Structure formats: C-alpha cells, structure tokens
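See structure below.
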Amino acid sequence: METVVKVRNLVKKFGDFTANDHLSFDVDAGEVFGFLGANGAGKTTAIKILCGLSLPTSGEVSVAGFDVYRQGEMIKRNIGYMSQRFSLYDDMTISENIRFYGGIYGLSRKTIKEKTAEYIARMNLETYKGKQVKELPLGIKQKLAFSVANLHDPKIIFLDEPTSGVDPITRRQFWDLIYEEAARGKTIFVTTHYMDEAEYCNRITIMVNGKIAALGTPAELKEKYQTSNISDIFLLLARGVEINKNKDR
Amino acid sequence: MEYAVEIKGIRKNYGDVEALHKVDINIGKGEIFGFIGPDGAGKTTIFRILTSLLLPDEGTAKVAGCDVVADYKELRTKIGYMPGRFSLYQDLTVAENLKFFAGIFKTTIEENYSLIEDIYKQIEPFKNRRAGKLSGGMKQKLALSCALIHRPEVLFLDEPTTGVDVVSRAEFWQMLQKRRDEGITIVVSTPYMDEAALCDRVALIQKGKVMSTDTPQNIVENFGKPVFSVKAANSNHLPGLLSAFEGTSSQNRFGDSFHWIPAEGFDEKDLRQYFEKAGINNCEIERISPGIEDCFIELMTQ
C-alpha cells in the first residue's frame with residue numbers, strides 16, 4: 001500500500017522547548033487517520049510541518065511523496081486543508097470561492113468552470129448560486145468547504161477540527177463525506193475534540209507533551225487499555241503525565 | 001421558588017433572520033443551567049440580552065432581580081460574564097488584569113480571594129506574564145478568575161469549553177460545580193452534548209427555538225422510544241443495511257456502534273431476522289438508554 005505520510009524521529013524545538021519529541025508514524029493511502037491530543041500537546045506544530053509551513057529541527061518527513069525540507073512548495077500543491085474556523089470567504093459567492101481557490105492552485109479556467117458546474121449540480125446548490133457563503137446553512141457550507149479543499153485533487157486532506165460547534169446531524173453527515181472520499185483512495189488526516197469521532201478513524205494517535213503516547217486502531221487501543229471508550233484512554237494518558245510531572249518537582 | 005434569571009417571551013431578529021423565537025425560561029438560584037446547542041442556535045444572543053449588552057425586540061428578562069433594560073446599571077454589578085472570545089487585556093499581565101477587574105467593580109482581590117483561590121493559584125506562577133502570552137487553558141482560568149472577582153450573584157459563561165480538550169473540559173466543570181456549591185448561579189452554554197449531564201437543568205436549543213427545558217435525567221427518561229446499540233465487526237455496510245430496513249425509524253453513528261430506533265410496530269426481533277436474511281450473523285444488538293445527543297437529534301428531526 002502506498003504511504004502518503006512518512007514521519008521518522010521528527011523533532012521540533014522552539015528554544016529550549018521541545019514541541020515535537022521524536023514522532024514516528026506512517027499514514028497510508030485511503031486511510032482516515034485521527035490526530036488527537038490535549039491542547040498544547042504539539043498537534044498544531046506537527047500539522048504545520050506536514051503542510052510544509054514549518055521546518056522540523058531534525059528527523060525525516062515526507063508528505064505525498066515530497067520531502068519536507070527540499071520540496072515544501074510541492075507539498076502545499078498536493079495537499080488540501082480545511083478548518084472549521086476558516087475555510088471559505090463569507091462575503092464571496094459559491095462560484096467566487098471556487099474560482100479563488102482554483103486560481104490559487106493554478107487550475108485552468110476551463111477546469112474551474114467544469115468544477116463549479118459539477119459541484120453546484122452534485123450538491124444541489126442551484127438555489128444558493130448568487131448568494132454569499134455566509135447565507136448558506138452550516139451543513140452546506142461545510143460540504144462546500146470540504147469540496148473546495150479537494151478542488152485540486154490532492155492526495156491527502158488535512159481537517160483541523162472540522163466539526164467543532166456543529167450540530168449532531170450535520171456532524172454525522174460530514175463524516176459520511178469523509179468516508180466517501182477515503183473510499184476513493186483519498187487520505188484523510190483529522191483532528192477532533194469529539195471522542196466519538198475518534199472511533200470513526202481507521203487509526204488514531206494520542207499525543208501527550210510532544211510525544212506519541214498511543215497509536216493504533218480504536219479497537220486495538222481499547223483492548224490494550226481495557227476500556228470501552230477512547231475518552232477513558234485520553235484521560236488516562238493525559239492525567240498520567242500530570243502525575244509524573246508532580247513527582248519530578 | 002426564587003429565580004436568578006426569568007426570561008419571558010424574548011424575541012430577537014437580525015434583519016430577516018430570527019435569532020431567538022419566543023424564549024421562556026426560569027433559572028433557579030444556585031443552579032448550573034446549560035444552554036446546549038450548535039453554532040448559530042442563538043446561545044450568544046441570549047447571553048448578550050441577559051447581560052444587558054443587546055436589547056430584545058420583544059419580551060422581558062430579569063437577572064438577579066434586575067430588569068435587563070430598565071435596571072441595566074445595577075444588573076451589571078451583580079453579574080459576571082465570560083464571553084466566548086478571550087476578553088481580557090492582552091498587554092496587561094495576569095495580575096494587572098485581575099486587579100483591573102476588581103477595581104472596576106469597586107472591590108479588591110483580597111476581599112474575594114477565597115472564591116478564586118483554587119483557580120488563580122494555578123496561574124499565579126505566571127502572574128507577571130502578559131495575558132496575550134498565556135496558553136489556552138491558562139487564559140481560560142484567568143478569564144474565569146476575572147469574571148468572579150466581584151463575587152457575582154449570577155455567572156454567565158458563553159462556550160467556555162469550545163475547542164478545549166477532554167481533560168481540560170473535565171477540570172473546568174469541576175471548577176464550576178465548586179462555585180455553584182458556594183451559592184453562585186451559573187448560566188453556561190456549550191455545543192458539546194455530553195456536557196449536558198454536568199448541568200442541573202438544561203435547555204436544548206436549535207435555530208433560535210428552545211426544544212426542551214428540563215433536568216438532563218428527565219430529558220433522557222422522557223425520550224419515549226426504545227434505543228438499540230447495533231455493532232458489527234465490519235461496520236462499513238451497516239448504515240446502508242439499517243437505512244434500507246423498513247423497520248428503521250432512525251439510525252445514527254455513535255462511536256464504534258450505531259444507535260437504532262425502530263419504527264412503530266417493529267422491535268429488536270425484526271432487526272435480528274432482517275440481519276439473518278441478509279446473511280449477517282456477527283451483530284451485537286443491545287437495548288441501551290438514550291443519551292442527550294439521541295434526544296437532541298430526535299427533537300431536531302421532529
């Protein structure tokens with residue numbers, strides 16, 4: 001199977017502070033990979049590196065077949081990114097957003113035109129055509145944001161808390177979209193604070209204090225820690241570290 | 001019963017958009033009351049009206065005995081408010097922020113220190129750091145300290161835990177329960193359905209409408225329909241199968257299983273037979289009690 005993300009001994013330091021401490025993992029094509037951790041555990045630092053926005057201090061990292069040190073620009077062209085907080089421009093229409101992002105990724109006018117028509121037809125957006133994105137219902141906005149992140153047909157899409165604050169029905173519909181794309185071979189790299197969503201991933205990692213504290217399928221981890229839910233594992237790993245920290249003092 | 005908050009027929013429109021549709025809620029003294037709903041439900045609008053920062057189009061509301069329109073000056077001395085966005089002065093230090101808020105409310109840090117002690121002492125080692133340089137969790141603790149420093153009767157917290165990890169969320173709720181035990185009424189909003197269980201009473205809110213107001217226990221008990229957890233080793237085909245079954249009223253993914261609600265006249269046995277016919281033998285079907293999220297989904301689809 002094709003490896004889309006390859007990380008070996010990734011270290012990132014900010015002065016004396018080690019934000020990522022020897023991370024190693026692979027993500028395969030078509031995998032839904034959940035990246036969990038407490039606030040401040042080092043998730044954002046690692047994602048920035050994987051997206052080609054920041055360089056590691058040391059270690060080996062490749063994304064979509066490109067080396068993070070030498071081919072950062074190629075990485076940016078071959079990944080998609082979406083977050084709940086910012087993805088689409090609220091005061092532009094659907095087609096303006098598609099044209100804008102298409103332009104950034106260097107798609108031809110013809111392709112942009114085709115994609116716009118395809119998205120509007122596939123997602124039933126005809127009635128919203130002339131409207132600004134801020135007027136769209138949340139569920140539709142999300143679908144659109146996901147499609148736009150997919151516009152240039154990247155190998156991997158990074159989803160940073162894509163469902164934060166979203167109602168329970170829309171949240172589940174969004175996961176249906178994720179599965180559809182994964183089934184087509186797209187790799188999905190997702191962060192979330194909803195522990196039920198951790199269960200929807202093929203594999204998850206839990207980061208604690210810059211290190212990977214757990215990595216495996218949800219079933220494997222539940223077996224290993226003898227519990228029925230991921231939330232317990234998360235609490236155990238994160239709290240366990242707190243106890244050790246106090247001992248050191 | 002004496003109420004800390006009384007909301008009568010509050011309506012609010014933004015242009016054509018109905019942000020709040022006739023909200024009627026009473027919140028008792030010393031309660032933790034939660035507004036549970038997704039983005040855009042109207043939670044922040046309610047908070048802004050109750051804290052006298054926004055005028056309602058219709059209806060009246062009283063907080064700590066003060067009308068939110070007529071008595072807004074007095075009201076503001078009796079409440080604490082932690083808005084969703086970080087509200088402190090980024091270029092003041094931790095200690096300066098706290099002193100500033102105490103000063104505004106004509107009190108001192110010393111006078112009410114006991115109320116914030118256990119929260120503040122966690123950030124005290126950083127008291128000379130500028131607020132803008134704090135981590136997310138520390139900012140939250142400082143904001144809570146500042147909202148409490150004048151010993152408010154009613155504390156309003158607008159989405160204090162959004163984007164916060166499970167561990168910090170659990171700790172935050174423990175802090176709230178302690179404040180409640182000291183007699184402060186707490187009005188809090190959250191998009192996380194699982195946090196409903198930590199409130200004394202909740203309002204489930206969606207698109208400006210309150211769908212249900214009750215204790216979390218009662219909401220779950222009054223659900224009125226059986227819920228089954230359905231689990232299979234290979235679950236990829238389950239959603240398709242369940243939705244194709246005529247005996248399905250609804251089916252939703254919950255973690256590693258599906259919650260299945262049978263249509264009228266169908267039960268667990270019918271589902272087992274259906275699975276057998278489809279050649280699926282390794283399914284675990286188990287009756288479970290519904291959670292708040294089940295209730296919310298059901299109310300949304302009614």
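Labeling convention for the structure tokens: chains A, B, ... as they appear, residues from 1 per chain, ligands from 1 in order of appearance.
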
Name the residues in contact with Arg203 in chain A at a cut-off of 7 Å, using only C-alpha atoms, excluding same-chain residues fewer than 2 positions from it; report them as a list in words.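 Everything that qualifies: Val32, Phe33, Gly34, Cys201, Gly216, Thr217 and Pro218 of chain A.
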
Keeping C-alpha atoms for every residue in the selection just given, could you write it to a file as an mmCIF file, in the first residue's frame?
data_model
loop_
_atom_site.group_PDB
_atom_site.id
_atom_site.type_symbol
_atom_site.label_atom_id
_atom_site.label_comp_id
_atom_site.auth_asym_id
_atom_site.auth_seq_id
_atom_site.Cartn_x
_atom_site.Cartn_y
_atom_site.Cartn_z
ATOM 1 C CA VAL A 32 -8.715 8.060 7.899
ATOM 2 C CA PHE A 33 -6.076 8.998 10.442
ATOM 3 C CA GLY A 34 -7.129 10.716 13.666
ATOM 4 C CA CYS A 201 -10.989 6.827 12.280
ATOM 5 C CA GLY A 216 -3.312 2.120 16.737
ATOM 6 C CA THR A 217 -6.823 1.283 15.622
ATOM 7 C CA PRO A 218 -9.521 2.325 18.102
#

Excluding range 154-168 of chain A and any residue of its chain fewer than 4 positions from it, enumerate the residues within 8 Å of it, using only C-alpha atoms, and give them as a PDB file with C-alpha atoms, in the first residue's frame.
ATOM      1  CA  VAL A   4       1.259   9.121   1.897  1.00  0.00           C
ATOM      2  CA  ALA A  29      -3.438   5.994   1.083  1.00  0.00           C
ATOM      3  CA  ALA A  64       2.542  12.887  -0.726  1.00  0.00           C
ATOM      4  CA  ARG A  77       0.303  21.862  -4.040  1.00  0.00           C
ATOM      5  CA  ASN A  78      -0.513  18.265  -3.228  1.00  0.00           C
ATOM      6  CA  ILE A  79      -2.439  18.630  -0.006  1.00  0.00           C
ATOM      7  CA  GLY A  80      -5.840  20.060   0.894  1.00  0.00           C
ATOM      8  CA  TYR A  81      -6.635  21.855   4.150  1.00  0.00           C
ATOM      9  CA  MET A  82      -9.855  22.721   5.902  1.00  0.00           C
ATOM     10  CA  SER A  83     -10.640  24.004   9.373  1.00  0.00           C
ATOM     11  CA  GLN A  84     -13.970  24.800  10.990  1.00  0.00           C
ATOM     12  CA  LEU A 138     -23.970  25.328   8.081  1.00  0.00           C
ATOM     13  CA  ALA A 149     -10.206  21.684  -0.111  1.00  0.00           C
ATOM     14  CA  ASN A 150     -10.471  18.819  -2.597  1.00  0.00           C
ATOM     15  CA  ARG A 172     -22.548  12.868  11.106  1.00  0.00           C
ATOM     16  CA  PHE A 174     -19.849  15.365   7.364  1.00  0.00           C
ATOM     17  CA  LYS A 186      -8.019   9.850  -0.571  1.00  0.00           C
ATOM     18  CA  THR A 187      -6.080  10.053   2.663  1.00  0.00           C
ATOM     19  CA  ILE A 188      -7.753  11.961   5.475  1.00  0.00           C
ATOM     20  CA  PHE A 189      -5.794  13.419   8.384  1.00  0.00           C
ATOM     21  CA  VAL A 190      -8.198  14.749  11.009  1.00  0.00           C
ATOM     22  CA  THR A 191      -8.100  16.387  14.438  1.00  0.00           C
ATOM     23  CA  THR A 192     -11.122  16.488  16.732  1.00  0.00           C
ATOM     24  CA  HIS A 193     -12.151  17.065  20.318  1.00  0.00           C
TER      25      HIS A 193
ATOM     26  CA  GLY B  37     -26.900  23.722  21.050  1.00  0.00           C
ATOM     27  CA  PRO B  38     -24.731  24.050  17.950  1.00  0.00           C
ATOM     28  CA  ASP B  39     -23.275  27.203  16.402  1.00  0.00           C
ATOM     29  CA  THR B 162     -15.303  25.087  22.920  1.00  0.00           C
ATOM     30  CA  GLY B 163     -12.127  23.809  21.279  1.00  0.00           C
ATOM     31  CA  PRO B 191     -22.055  22.792  21.811  1.00  0.00           C
ATOM     32  CA  TYR B 192     -20.871  19.542  23.467  1.00  0.00           C
ATOM     33  CA  GLU B 293     -27.382  13.560  21.874  1.00  0.00           C
ATOM     34  CA  PHE B 296     -31.245  16.307  20.506  1.00  0.00           C
ATOM     35  CA  ILE B 297     -31.186  14.519  17.162  1.00  0.00           C
TER      36      ILE B 297
END

Determine which residues of range 13-203 of chain A receive a DSSP assignment of helix (DSSP H, G or I), computed from the backbone, and state them as a PyMOL selection string. chain A and resi 43-50+72-77+94-104+109-122+126-128+133-135+138-149+168-183+195-198

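Across B:Ile184, B:Cys199, B:Met193, B:Ile219, the tightest approach to chain A is made by B:Met193 when counting only C-alpha atoms.
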
Near chain B, meaning an atom within 10 Å, which residues of chain A appear when counting only C-alpha atoms? Write them as a PyMOL selection string. chain A and resi 36-40+137-138+161+164-170+172-173+175-176+179+192-201+218-219+228-232+234-239

Write out as a PyMOL selection string the residues lying within 10 Å of range 21-24 of chain A, counting only C-alpha atoms and excluding same-chain residues fewer than 3 positions away. chain A and resi 6-13+17-18+42+46+58-61+207+209-213

Which parts of range 19-196 of chain A does DSSP call strand (DSSP E or B) when run on the backbone here, written out as JSON, numbers by chain? {"A": [19, 20, 21, 22, 23, 24, 25, 26, 27, 28, 32, 33, 34, 35, 36, 37, 58, 59, 60, 61, 62, 63, 66, 67, 79, 80, 81, 82, 83, 93, 132, 156, 157, 158, 159, 160, 187, 188, 189, 190, 191]}

For the residues in the current selection, export C-alpha atoms as a tab-separated table (two decimals), in the first residue's frame.
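The resulting out_37.tsv:
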chain	number	residue	atom	x	y	z
A	19	ALA	CA	7.13	20.77	20.91
A	20	ASN	CA	7.52	17.52	18.93
A	21	ASP	CA	9.74	14.90	20.53
A	22	HIS	CA	10.78	12.09	18.16
A	23	LEU	CA	7.49	11.42	16.43
A	24	SER	CA	7.38	8.44	14.07
A	25	PHE	CA	4.37	7.21	12.11
A	26	ASP	CA	3.09	6.37	8.62
A	27	VAL	CA	-0.26	7.14	7.07
A	28	ASP	CA	-1.41	5.01	4.12
A	32	VAL	CA	-8.72	8.06	7.90
A	33	PHE	CA	-6.08	9.00	10.44
A	34	GLY	CA	-7.13	10.72	13.67
A	35	PHE	CA	-4.65	13.01	15.35
A	36	LEU	CA	-5.67	13.58	18.97
A	37	GLY	CA	-4.11	15.25	21.95
A	58	SER	CA	15.53	17.21	12.86
A	59	GLY	CA	14.05	13.98	11.56
A	60	GLU	CA	12.71	12.68	8.30
A	61	VAL	CA	9.30	13.78	6.98
A	62	SER	CA	7.71	13.21	3.60
A	63	VAL	CA	4.15	14.03	2.53
A	66	PHE	CA	7.73	15.01	-1.26
A	67	ASP	CA	10.47	15.81	1.19
A	79	ILE	CA	-2.44	18.63	-0.01
A	80	GLY	CA	-5.84	20.06	0.89
A	81	TYR	CA	-6.64	21.86	4.15
A	82	MET	CA	-9.85	22.72	5.90
A	83	SER	CA	-10.64	24.00	9.37
A	93	THR	CA	-20.45	33.60	-3.53
A	132	GLN	CA	-22.84	34.87	-0.35
A	156	ILE	CA	-4.30	13.98	1.31
A	157	ILE	CA	-6.68	16.36	3.06
A	158	PHE	CA	-5.95	17.82	6.48
A	159	LEU	CA	-9.08	18.54	8.50
A	160	ASP	CA	-8.42	20.63	11.61
A	187	THR	CA	-6.08	10.05	2.66
A	188	ILE	CA	-7.75	11.96	5.48
A	189	PHE	CA	-5.79	13.42	8.38
A	190	VAL	CA	-8.20	14.75	11.01
A	191	THR	CA	-8.10	16.39	14.44
